[in-house]
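Asker: Contents are mmCIF, C-alpha atoms and all ligand atoms; file name entry.cif:
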```cif
data_work
#
loop_
_atom_site.group_PDB
_atom_site.id
_atom_site.type_symbol
_atom_site.label_atom_id
_atom_site.label_comp_id
_atom_site.auth_asym_id
_atom_site.auth_seq_id
_atom_site.Cartn_x
_atom_site.Cartn_y
_atom_site.Cartn_z
ATOM 1 C CA MET A 1 46.883 48.704 79.968
ATOM 2 C CA THR A 2 45.486 45.743 77.997
ATOM 3 C CA GLU A 3 42.861 43.428 79.559
ATOM 4 C CA PRO A 4 44.500 40.615 81.609
ATOM 5 C CA TRP A 5 44.037 36.999 80.483
ATOM 6 C CA HIS A 6 42.450 34.505 82.888
ATOM 7 C CA THR A 7 43.455 31.240 84.521
ATOM 8 C CA LYS A 8 41.211 29.253 86.882
ATOM 9 C CA ILE A 9 43.936 26.954 88.213
ATOM 10 C CA THR A 10 46.127 28.580 90.866
ATOM 11 C CA GLN A 11 46.054 32.019 92.475
ATOM 12 C CA ILE A 12 49.305 33.547 93.667
ATOM 13 C CA ASN A 13 49.437 36.533 96.023
ATOM 14 C CA PRO A 14 52.318 37.610 98.262
ATOM 15 C CA ASN A 15 52.639 34.892 100.947
ATOM 16 C CA GLU A 16 49.612 33.001 99.616
ATOM 17 C CA VAL A 17 49.188 30.118 97.119
ATOM 18 C CA ARG A 18 45.683 28.839 96.376
ATOM 19 C CA VAL A 19 45.112 25.785 94.164
ATOM 20 C CA ARG A 20 41.564 25.805 92.781
ATOM 21 C CA GLY A 21 40.741 28.097 95.709
ATOM 22 C CA TYR A 22 42.312 25.932 98.457
ATOM 23 C CA ASP A 23 45.235 27.273 100.496
ATOM 24 C CA ILE A 24 48.174 25.048 99.516
ATOM 25 C CA ALA A 25 49.446 24.999 103.100
ATOM 26 C CA GLU A 26 46.045 23.594 104.194
ATOM 27 C CA LEU A 27 46.208 20.903 101.498
ATOM 28 C CA MET A 28 49.776 19.904 102.416
ATOM 29 C CA GLY A 29 49.875 16.986 104.831
ATOM 30 C CA ARG A 30 46.093 16.539 104.618
ATOM 31 C CA VAL A 31 45.434 15.711 100.990
ATOM 32 C CA SER A 32 47.142 12.830 99.158
ATOM 33 C CA PHE A 33 48.994 13.257 95.879
ATOM 34 C CA GLY A 34 46.198 11.432 94.040
ATOM 35 C CA ALA A 35 43.588 13.779 95.514
ATOM 36 C CA SER A 36 45.639 16.837 94.550
ATOM 37 C CA VAL A 37 46.045 15.523 90.988
ATOM 38 C CA TYR A 38 42.250 15.097 90.846
ATOM 39 C CA LEU A 39 41.810 18.618 92.275
ATOM 40 C CA ILE A 40 44.099 20.324 89.795
ATOM 41 C CA LEU A 41 42.702 18.457 86.770
ATOM 42 C CA MET A 42 39.006 18.355 87.705
ATOM 43 C CA GLY A 43 38.698 21.508 89.821
ATOM 44 C CA GLU A 44 37.232 19.866 92.948
ATOM 45 C CA LEU A 45 38.538 17.682 95.772
ATOM 46 C CA PRO A 46 37.474 14.029 95.401
ATOM 47 C CA SER A 47 35.744 11.942 98.070
ATOM 48 C CA GLU A 48 38.083 9.935 100.317
ATOM 49 C CA LYS A 49 37.424 6.724 98.347
ATOM 50 C CA VAL A 50 37.984 8.371 94.974
ATOM 51 C CA ALA A 51 41.194 9.917 96.357
ATOM 52 C CA ARG A 52 42.337 6.401 97.291
ATOM 53 C CA LEU A 53 41.446 5.216 93.795
ATOM 54 C CA MET A 54 43.410 8.101 92.229
ATOM 55 C CA ASP A 55 46.420 7.200 94.376
ATOM 56 C CA ALA A 56 46.115 3.579 93.260
ATOM 57 C CA ILE A 57 45.925 4.612 89.576
ATOM 58 C CA ILE A 58 49.112 6.642 89.978
ATOM 59 C CA VAL A 59 50.918 3.880 91.887
ATOM 60 C CA SER A 60 49.815 1.282 89.298
ATOM 61 C CA SER A 61 51.614 3.172 86.524
ATOM 62 C CA ILE A 62 54.746 4.332 88.337
ATOM 63 C CA ASP A 63 56.982 1.882 86.449
ATOM 64 C CA HIS A 64 56.889 -1.295 84.392
ATOM 65 C CA GLY A 65 60.549 -2.258 84.186
ATOM 66 C CA ALA A 66 63.085 -1.548 81.477
ATOM 67 C CA THR A 67 61.211 -2.757 78.403
ATOM 68 C CA PRO A 68 58.425 -0.176 77.829
ATOM 69 C CA PRO A 69 59.171 2.239 74.953
ATOM 70 C CA SER A 70 59.167 5.253 77.302
ATOM 71 C CA CYS A 71 61.884 3.693 79.459
ATOM 72 C CA LEU A 72 63.986 2.580 76.466
ATOM 73 C CA ALA A 73 63.667 6.043 74.908
ATOM 74 C CA ALA A 74 64.651 7.773 78.164
ATOM 75 C CA ARG A 75 67.631 5.439 78.768
ATOM 76 C CA THR A 76 68.796 5.704 75.149
ATOM 77 C CA VAL A 77 68.771 9.501 75.281
ATOM 78 C CA ALA A 78 70.448 9.441 78.720
ATOM 79 C CA SER A 79 73.221 7.236 77.320
ATOM 80 C CA THR A 80 74.106 9.962 74.811
ATOM 81 C CA GLY A 81 75.050 12.315 77.657
ATOM 82 C CA ALA A 82 71.731 14.181 77.761
ATOM 83 C CA SER A 83 70.529 15.853 80.950
ATOM 84 C CA LEU A 84 67.904 14.429 83.310
ATOM 85 C CA SER A 85 65.197 16.712 81.914
ATOM 86 C CA GLN A 86 66.079 15.930 78.280
ATOM 87 C CA SER A 87 66.099 12.171 78.960
ATOM 88 C CA VAL A 88 62.825 12.151 80.915
ATOM 89 C CA ALA A 89 61.235 14.320 78.211
ATOM 90 C CA ALA A 90 62.264 11.739 75.588
ATOM 91 C CA GLY A 91 60.493 9.078 77.625
ATOM 92 C CA ILE A 92 57.380 11.209 77.955
ATOM 93 C CA MET A 93 57.385 11.843 74.193
ATOM 94 C CA SER A 94 57.022 8.110 73.560
ATOM 95 C CA ILE A 95 53.728 8.007 75.485
ATOM 96 C CA ASN A 96 51.292 7.871 72.601
ATOM 97 C CA LYS A 97 48.356 5.931 71.318
ATOM 98 C CA HIS A 98 49.989 2.492 71.658
ATOM 99 C CA HIS A 99 51.801 3.064 74.980
ATOM 100 C CA GLY A 100 50.174 4.837 77.907
ATOM 101 C CA GLY A 101 48.015 6.681 75.427
ATOM 102 C CA ALA A 102 45.881 3.583 75.084
ATOM 103 C CA ILE A 103 44.049 5.048 78.081
ATOM 104 C CA GLU A 104 42.459 7.866 76.069
ATOM 105 C CA ASN A 105 41.787 5.700 73.018
ATOM 106 C CA CYS A 106 40.194 2.995 75.134
ATOM 107 C CA ALA A 107 37.911 5.494 76.869
ATOM 108 C CA ARG A 108 36.804 6.887 73.491
ATOM 109 C CA GLN A 109 36.185 3.406 72.068
ATOM 110 C CA LEU A 110 34.209 2.385 75.161
ATOM 111 C CA SER A 111 32.089 5.530 74.721
ATOM 112 C CA GLU A 112 31.350 4.405 71.159
ATOM 113 C CA ILE A 113 30.105 1.082 72.530
ATOM 114 C CA ILE A 114 27.922 2.876 75.082
ATOM 115 C CA ASN A 115 26.505 5.166 72.355
ATOM 116 C CA ARG A 116 25.793 2.164 70.136
ATOM 117 C CA LYS A 117 24.095 0.332 73.014
ATOM 118 C CA HIS A 118 21.754 3.260 73.636
ATOM 119 C CA ALA A 119 21.172 4.146 69.972
ATOM 120 C CA MET A 120 20.272 0.562 69.036
ATOM 121 C CA ASP A 121 18.683 -0.348 72.398
ATOM 122 C CA ILE A 122 20.823 -3.486 72.685
ATOM 123 C CA SER A 123 22.879 -5.040 75.493
ATOM 124 C CA PHE A 124 26.490 -4.091 76.284
ATOM 125 C CA ASP A 125 27.559 -7.556 75.059
ATOM 126 C CA GLU A 126 25.814 -7.087 71.696
ATOM 127 C CA ALA A 127 27.116 -3.534 71.289
ATOM 128 C CA ALA A 128 30.681 -4.637 72.088
ATOM 129 C CA LYS A 129 30.481 -7.464 69.550
ATOM 130 C CA VAL A 130 29.198 -5.187 66.752
ATOM 131 C CA GLU A 131 31.826 -2.525 67.553
ATOM 132 C CA LEU A 132 34.694 -5.070 67.613
ATOM 133 C CA ASP A 133 33.547 -6.603 64.305
ATOM 134 C CA GLN A 134 33.514 -3.172 62.689
ATOM 135 C CA MET A 135 36.920 -2.318 64.120
ATOM 136 C CA LYS A 136 38.395 -5.600 62.879
ATOM 137 C CA ALA A 137 37.027 -4.914 59.389
ATOM 138 C CA LYS A 138 38.807 -1.539 59.461
ATOM 139 C CA GLY A 139 42.015 -3.049 60.904
ATOM 140 C CA VAL A 140 41.654 -1.033 64.127
ATOM 141 C CA ARG A 141 42.684 -2.532 67.461
ATOM 142 C CA MET A 142 40.736 -2.164 70.680
ATOM 143 C CA SER A 143 42.987 -0.023 72.855
ATOM 144 C CA GLY A 144 43.530 -1.096 76.433
ATOM 145 C CA PHE A 145 43.285 -4.827 75.660
ATOM 146 C CA GLY A 146 46.073 -7.382 75.273
ATOM 147 C CA HIS A 147 49.535 -7.308 76.804
ATOM 148 C CA ARG A 148 52.978 -8.454 75.732
ATOM 149 C CA VAL A 149 53.709 -9.996 79.160
ATOM 150 C CA HIS A 150 50.596 -10.393 81.303
ATOM 151 C CA THR A 151 47.560 -12.578 80.681
ATOM 152 C CA ALA A 152 45.946 -11.544 84.001
ATOM 153 C CA ASP A 153 47.408 -8.156 84.887
ATOM 154 C CA PRO A 154 47.590 -7.891 88.718
ATOM 155 C CA ARG A 155 47.119 -4.111 88.492
ATOM 156 C CA THR A 156 43.772 -4.207 86.714
ATOM 157 C CA ALA A 157 42.117 -6.547 89.232
ATOM 158 C CA ARG A 158 43.151 -4.303 92.134
ATOM 159 C CA LEU A 159 42.042 -1.134 90.313
ATOM 160 C CA PHE A 160 38.590 -2.559 89.602
ATOM 161 C CA GLU A 161 38.355 -3.668 93.247
ATOM 162 C CA LEU A 162 39.104 -0.116 94.455
ATOM 163 C CA ALA A 163 36.816 1.423 91.816
ATOM 164 C CA THR A 164 33.968 -0.802 93.019
ATOM 165 C CA GLU A 165 34.649 0.230 96.642
ATOM 166 C CA ALA A 166 34.574 3.892 95.554
ATOM 167 C CA GLY A 167 31.285 3.396 93.714
ATOM 168 C CA ALA A 168 33.085 4.571 90.588
ATOM 169 C CA CYS A 169 32.157 1.743 88.198
ATOM 170 C CA ALA A 170 29.542 2.790 85.681
ATOM 171 C CA GLU A 171 28.889 2.323 81.959
ATOM 172 C CA HIS A 172 32.515 2.461 80.755
ATOM 173 C CA VAL A 173 33.528 -0.316 83.128
ATOM 174 C CA LEU A 174 30.487 -2.354 82.026
ATOM 175 C CA ALA A 175 31.437 -1.777 78.388
ATOM 176 C CA ALA A 176 35.029 -2.874 79.120
ATOM 177 C CA ARG A 177 33.756 -6.085 80.712
ATOM 178 C CA ALA A 178 31.583 -6.675 77.628
ATOM 179 C CA VAL A 179 34.630 -6.244 75.364
ATOM 180 C CA GLU A 180 36.521 -8.843 77.403
ATOM 181 C CA GLN A 181 33.598 -11.255 77.007
ATOM 182 C CA ALA A 182 33.389 -10.535 73.265
ATOM 183 C CA PHE A 183 37.078 -11.402 72.796
ATOM 184 C CA ILE A 184 36.522 -14.637 74.766
ATOM 185 C CA ALA A 185 33.480 -15.486 72.588
ATOM 186 C CA LYS A 186 35.637 -14.990 69.488
ATOM 187 C CA GLY A 187 38.025 -17.634 70.887
ATOM 188 C CA LYS A 188 40.759 -15.013 71.310
ATOM 189 C CA PRO A 189 40.800 -13.932 74.953
ATOM 190 C CA LEU A 190 42.515 -10.550 75.254
ATOM 191 C CA PRO A 191 42.571 -9.379 78.860
ATOM 192 C CA ILE A 192 41.971 -5.771 79.726
ATOM 193 C CA ASN A 193 45.344 -4.195 80.492
ATOM 194 C CA VAL A 194 46.189 -1.475 82.991
ATOM 195 C CA ASP A 195 45.670 1.271 80.379
ATOM 196 C CA GLY A 196 42.211 -0.092 79.597
ATOM 197 C CA ALA A 197 41.237 -0.319 83.257
ATOM 198 C CA ILE A 198 42.429 3.250 83.902
ATOM 199 C CA GLY A 199 40.635 4.517 80.778
ATOM 200 C CA ALA A 200 37.354 2.889 81.818
ATOM 201 C CA ILE A 201 37.619 4.102 85.422
ATOM 202 C CA LEU A 202 38.684 7.678 84.595
ATOM 203 C CA ALA A 203 35.849 7.912 82.054
ATOM 204 C CA ASP A 204 33.359 6.739 84.680
ATOM 205 C CA LEU A 205 34.824 9.342 87.078
ATOM 206 C CA GLY A 206 34.001 11.987 84.465
ATOM 207 C CA PHE A 207 37.534 12.792 83.251
ATOM 208 C CA PRO A 208 37.545 14.193 79.714
ATOM 209 C CA PRO A 209 39.451 11.780 77.400
ATOM 210 C CA GLU A 210 41.986 14.429 76.362
ATOM 211 C CA ILE A 211 43.299 14.675 79.953
ATOM 212 C CA MET A 212 43.640 10.930 80.541
ATOM 213 C CA ASN A 213 47.074 10.317 79.008
ATOM 214 C CA GLY A 214 48.280 13.114 81.266
ATOM 215 C CA VAL A 215 47.389 11.001 84.295
ATOM 216 C CA PHE A 216 49.664 8.247 82.944
ATOM 217 C CA MET A 217 52.454 10.778 82.303
ATOM 218 C CA ILE A 218 52.125 12.165 85.839
ATOM 219 C CA ALA A 219 52.367 8.624 87.195
ATOM 220 C CA ARG A 220 55.315 7.489 85.045
ATOM 221 C CA VAL A 221 57.691 10.413 85.649
ATOM 222 C CA PRO A 222 59.131 9.006 88.932
ATOM 223 C CA GLY A 223 59.901 5.700 87.176
ATOM 224 C CA LEU A 224 61.592 7.506 84.292
ATOM 225 C CA VAL A 225 63.667 9.632 86.687
ATOM 226 C CA ALA A 226 64.815 6.426 88.439
ATOM 227 C CA HIS A 227 65.741 4.732 85.144
ATOM 228 C CA VAL A 228 67.571 7.781 83.781
ATOM 229 C CA THR A 229 69.613 8.337 86.945
ATOM 230 C CA GLU A 230 70.454 4.594 87.100
ATOM 231 C CA GLU A 231 71.534 4.719 83.450
ATOM 232 C CA GLN A 232 73.663 7.827 84.010
ATOM 233 C CA SER A 233 75.310 6.521 87.176
ATOM 234 C CA SER A 234 75.915 2.855 86.362
ATOM 235 C CA GLN A 235 76.141 2.352 82.587
ATOM 236 C CA LYS A 236 78.734 3.404 80.081
ATOM 237 C CA PRO A 237 77.816 6.105 77.550
ATOM 238 C CA MET A 238 76.496 5.140 74.100
ATOM 239 C CA ARG A 239 75.981 1.481 75.075
ATOM 240 C CA LYS A 240 73.783 -0.704 72.897
ATOM 241 C CA ILE A 241 70.670 -1.106 75.043
ATOM 242 C CA ASP A 242 69.173 -4.532 74.527
ATOM 243 C CA PRO A 243 65.402 -4.097 74.891
ATOM 244 C CA VAL A 244 64.907 -7.622 76.200
ATOM 245 C CA ASN A 245 68.151 -9.146 77.467
ATOM 246 C CA HIS A 246 68.481 -7.695 80.938
ATOM 247 C CA THR A 247 68.044 -9.044 84.461
ATOM 248 C CA TYR A 248 66.721 -7.568 87.685
ATOM 249 C CA SER A 249 69.259 -7.200 90.498
ATOM 250 C CA GLY A 250 67.229 -5.141 93.034
ATOM 251 C CA PRO A 251 65.738 -6.258 96.364
ATOM 252 C CA GLU A 252 64.157 -9.713 96.665
ATOM 253 C CA ALA A 253 60.334 -9.844 96.728
ATOM 254 C CA ARG A 254 59.116 -8.331 100.018
ATOM 255 C CA THR A 255 55.882 -7.137 101.587
ATOM 256 C CA ILE A 256 54.873 -3.842 103.193
HETATM 257 C C1 LIG B 301 49.711 -4.521 73.783
HETATM 258 C C2 LIG B 301 49.871 -5.199 72.431
HETATM 259 C C3 LIG B 301 50.812 -4.377 71.562
HETATM 260 C C4 LIG B 301 50.470 -6.577 72.688
HETATM 261 O O1 LIG B 301 50.489 -7.230 71.493
HETATM 262 P P1 LIG B 301 51.043 -8.714 71.287
HETATM 263 O O2 LIG B 301 50.703 -9.547 72.476
HETATM 264 O O3 LIG B 301 52.466 -8.605 70.940
HETATM 265 O O4 LIG B 301 50.149 -9.222 70.153
HETATM 266 P P2 LIG B 301 50.286 -8.960 68.586
HETATM 267 O O5 LIG B 301 50.461 -7.508 68.323
HETATM 268 O O6 LIG B 301 51.346 -9.868 68.042
HETATM 269 O O7 LIG B 301 48.863 -9.459 68.101
HETATM 270 C C5 LIG B 301 48.483 -10.806 68.175
HETATM 271 C C6 LIG B 301 47.083 -10.966 67.622
HETATM 272 O O8 LIG B 301 46.147 -10.433 68.553
HETATM 273 C C7 LIG B 301 45.412 -9.361 67.954
HETATM 274 N N1 LIG B 301 45.321 -8.300 68.949
HETATM 275 C C8 LIG B 301 46.207 -8.003 69.930
HETATM 276 N N2 LIG B 301 45.783 -6.971 70.639
HETATM 277 C C9 LIG B 301 44.597 -6.611 70.112
HETATM 278 C C10 LIG B 301 43.667 -5.605 70.433
HETATM 279 N N3 LIG B 301 43.900 -4.773 71.453
HETATM 280 N N4 LIG B 301 42.547 -5.492 69.701
HETATM 281 C C11 LIG B 301 42.302 -6.330 68.678
HETATM 282 N N5 LIG B 301 43.153 -7.334 68.320
HETATM 283 C C12 LIG B 301 44.289 -7.448 69.033
HETATM 284 C C13 LIG B 301 46.240 -8.915 66.768
HETATM 285 O O9 LIG B 301 45.462 -8.330 65.765
HETATM 286 C C14 LIG B 301 46.843 -10.208 66.329
HETATM 287 O O10 LIG B 301 45.862 -10.923 65.574
HETATM 288 P P3 LIG B 301 46.255 -11.917 64.399
HETATM 289 O O11 LIG B 301 47.049 -13.008 65.038
HETATM 290 O O12 LIG B 301 44.938 -12.350 63.862
HETATM 291 O O13 LIG B 301 47.064 -11.082 63.455
HETATM 292 C C15 LIG B 301 48.502 -5.355 71.733
HETATM 293 O O14 LIG B 301 47.677 -6.193 72.493
HETATM 294 C C16 LIG B 301 47.829 -4.032 71.440
HETATM 295 O O15 LIG B 301 48.108 -3.406 70.410
HETATM 296 N N6 LIG B 301 46.919 -3.599 72.341
HETATM 297 C C17 LIG B 301 46.235 -2.331 72.146
HETATM 298 C C18 LIG B 301 47.108 -1.169 72.596
HETATM 299 C C19 LIG B 301 47.290 -1.166 74.085
HETATM 300 O O16 LIG B 301 46.383 -1.461 74.845
HETATM 301 N N7 LIG B 301 48.495 -0.774 74.531
HETATM 302 C C20 LIG B 301 48.811 -0.684 75.938
HETATM 303 C C21 LIG B 301 49.599 -1.842 76.408
HETATM 304 S S1 LIG B 301 49.801 -1.836 78.176
#
```
Show me the file's structure as structure tokens.

Answerer:
Amino acid sequence: MTEPWHTKITQINPNEVRVRGYDIAELMGRVSFGASVYLILMGELPSEKVARLMDAIIVSSIDHGATPPSCLAARTVASTGASLSQSVAAGIMSINKHHGGAIENCARQLSEIINRKHAMDISFDEAAKVELDQMKAKGVRMSGFGHRVHTADPRTARLFELATEAGACAEHVLAARAVEQAFIAKGKPLPINVDGAIGAILADLGFPPEIMNGVFMIARVPGLVAHVTEEQSSQKPMRKIDPVNHTYSGPEARTI
């Protein structure tokens, strides 16, 4: 018999399932979804506060209405008669460097700023300014900044609040703040968006950049499933989907 290949993620034996060593039945009902996402991606259970932060990151990205490219792609494919899995997959495939994927890019760009700060022994503000000038000269945008709709994204403020409570804000968050200040100093305020906040926070939590867009995908799937099933059940096939001209007809604003 050939040598078996190895996986460190989940162990399956008859009547036993262990995720990263933990009995799944012990995790169920005790560990939140955010904590289990952290466990499966990072290999360890997070502290209670980091688990809360992970939950908040996932909730923050669950949906953003009918205009994001992932939603339009999923609805468009659904309107052709595709299945739920095909339609959701189409939405997921549109999560790339300008949508959702800004998380990974932002984290990498913030790391560049941190490296520059240390290499040149300058402040975060100075390093951010130099980095942004160089990016502008190359025609590269700073991922995770700017938004088509929001000037003060309600999700980012809450995420930073929870990250501070969890003691999870370190150099990437400081670098992100310096970028915001640098844009203001240039007379072109570009607020950090939810992707940027998640990128900075996940980087400070030690997530490798190549996993980060996956966190957004994990979070957005429920929203895509809701949009696809609404499309399939209430719209006619092959309709022309206007990306902008639509109204909301769900519940009025309410509180928990
Ligand atoms: C999100 C985004 C597409 C919104 O763009 P928009 O509000 O429609 O703005 P525009 O693309 O028309 O750009 C307007 C100006 O701001 C600049 N700008 C916008 N976002 C910028 C960024 N992140 N970095 C540098 N410059 C930026 C553009 O270069 C442009 O400058 P100009 O007027 O000198 O040509 C844009 O801010 C962006 O590309 N951000 C980075 C990617 C990102 O974070 N995506 C996730 C969104 S949640």

Asker: So the first atom is CA of Gly91 (chain A) and the second is atom P2 of ligand LIG 301 (chain B); what is the distance between them in Å, to one decimal place?

Answerer: 22.6 Å

Asker: Quick one: everything within 12 Å of Ile92 (chain A), counting only C-alpha atoms, minus sequence neighbours fewer than 6 positions away in the same chain. Send it as JSON, numbers by chain.

Answerer: {"A": [68, 69, 70, 71, 72, 73, 74, 75, 77, 85, 86, 99, 100, 101, 213, 214, 215, 216, 217, 218, 219, 220, 221, 222, 223, 224, 225]}

Asker: Which value, in Å to one decimal, gives the distance between CA of Ala137 (chain A) and CA of Glu171 (chain A)?

Answerer: 25.1 Å

Asker: For each of A:Met142, A:Asn245, A:Ser32, A:Ser83, take the minimum atom-to-atom distance to Lys49 (chain A), counting only C-alpha atoms, then give the residue where this is smallest.

Answerer: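 Using only C-alpha atoms, the shortest distance to Lys49 (chain A) belongs to A:Ser32.
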
Asker: Please list as JSON, numbers by chain every residue within 9 Å of Met238 (chain A), counting only C-alpha atoms and excluding residues in the same chain fewer than 4 positions away.

Answerer: {"A": [76, 77, 78, 79, 80, 81]}

Asker: Could you write out as JSON the box around ligand LIG 301 (chain B) (axis-aligned, all atoms listed in the file, 6 Å on each side), with centre and edge lengths in Å to one decimal?

Answerer:
```
{"center_x": 47.4, "center_y": -6.8, "center_z": 70.8, "size_x": 22.2, "size_y": 24.3, "size_z": 26.7}
```

Asker: Quote the spacing between CA of Ala185 (chain A) and CA of Ala127 (chain A) in Å to one decimal place.

Answerer: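 So the two atoms, CA of Ala185 (chain A) and CA of Ala127 (chain A), lie 13.6 Å apart.
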
Asker: Can you tell me which residues sit at most 9 Å away from ligand LIG 301 (chain B), counting all atoms listed in the file, written as a count of residues only?

Answerer: 34

Asker: Specify as a ChimeraX atom specification each residue included when the PyMOL selection byres (((chain A and resi 159) around 8) and not hetatm) is applied to this file.

Answerer: /A:53,56-57,155-158,160-163,197-198

Asker: Using only C-alpha atoms for the distances, tell me which of A:Ala82, A:Ser111, A:Ser60, A:Ala35 is nearest to Pro208 (chain A).

Answerer: A:Ser111

Asker: Select, from A:Ala168, A:Ala178, A:Ala66, A:Met93, the residue with the minimum atom-to-atom distance to Pro46 (chain A), counting only C-alpha atoms.

Answerer: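 So, comparing all the options, the nearest one is A:Ala168.
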
Asker: Taking (29.9, -4.1, 70.8) in the file's coordinates as the center, which residues reach within 8 Å of it, counting only C-alpha atoms, put as an MDAnalysis selection string?

Answerer: chainID A and resid 113 116:117 124:133 178:179 182

Asker: Go through A:Thr164, A:His64, A:Asp153, A:Leu174 and flag the residue nearest Ile114 (chain A), using all atoms listed in the file for the distances.

Answerer: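 When distances to Ile114 (chain A) are compared using all atoms listed in the file, the smallest one comes from A:Leu174.
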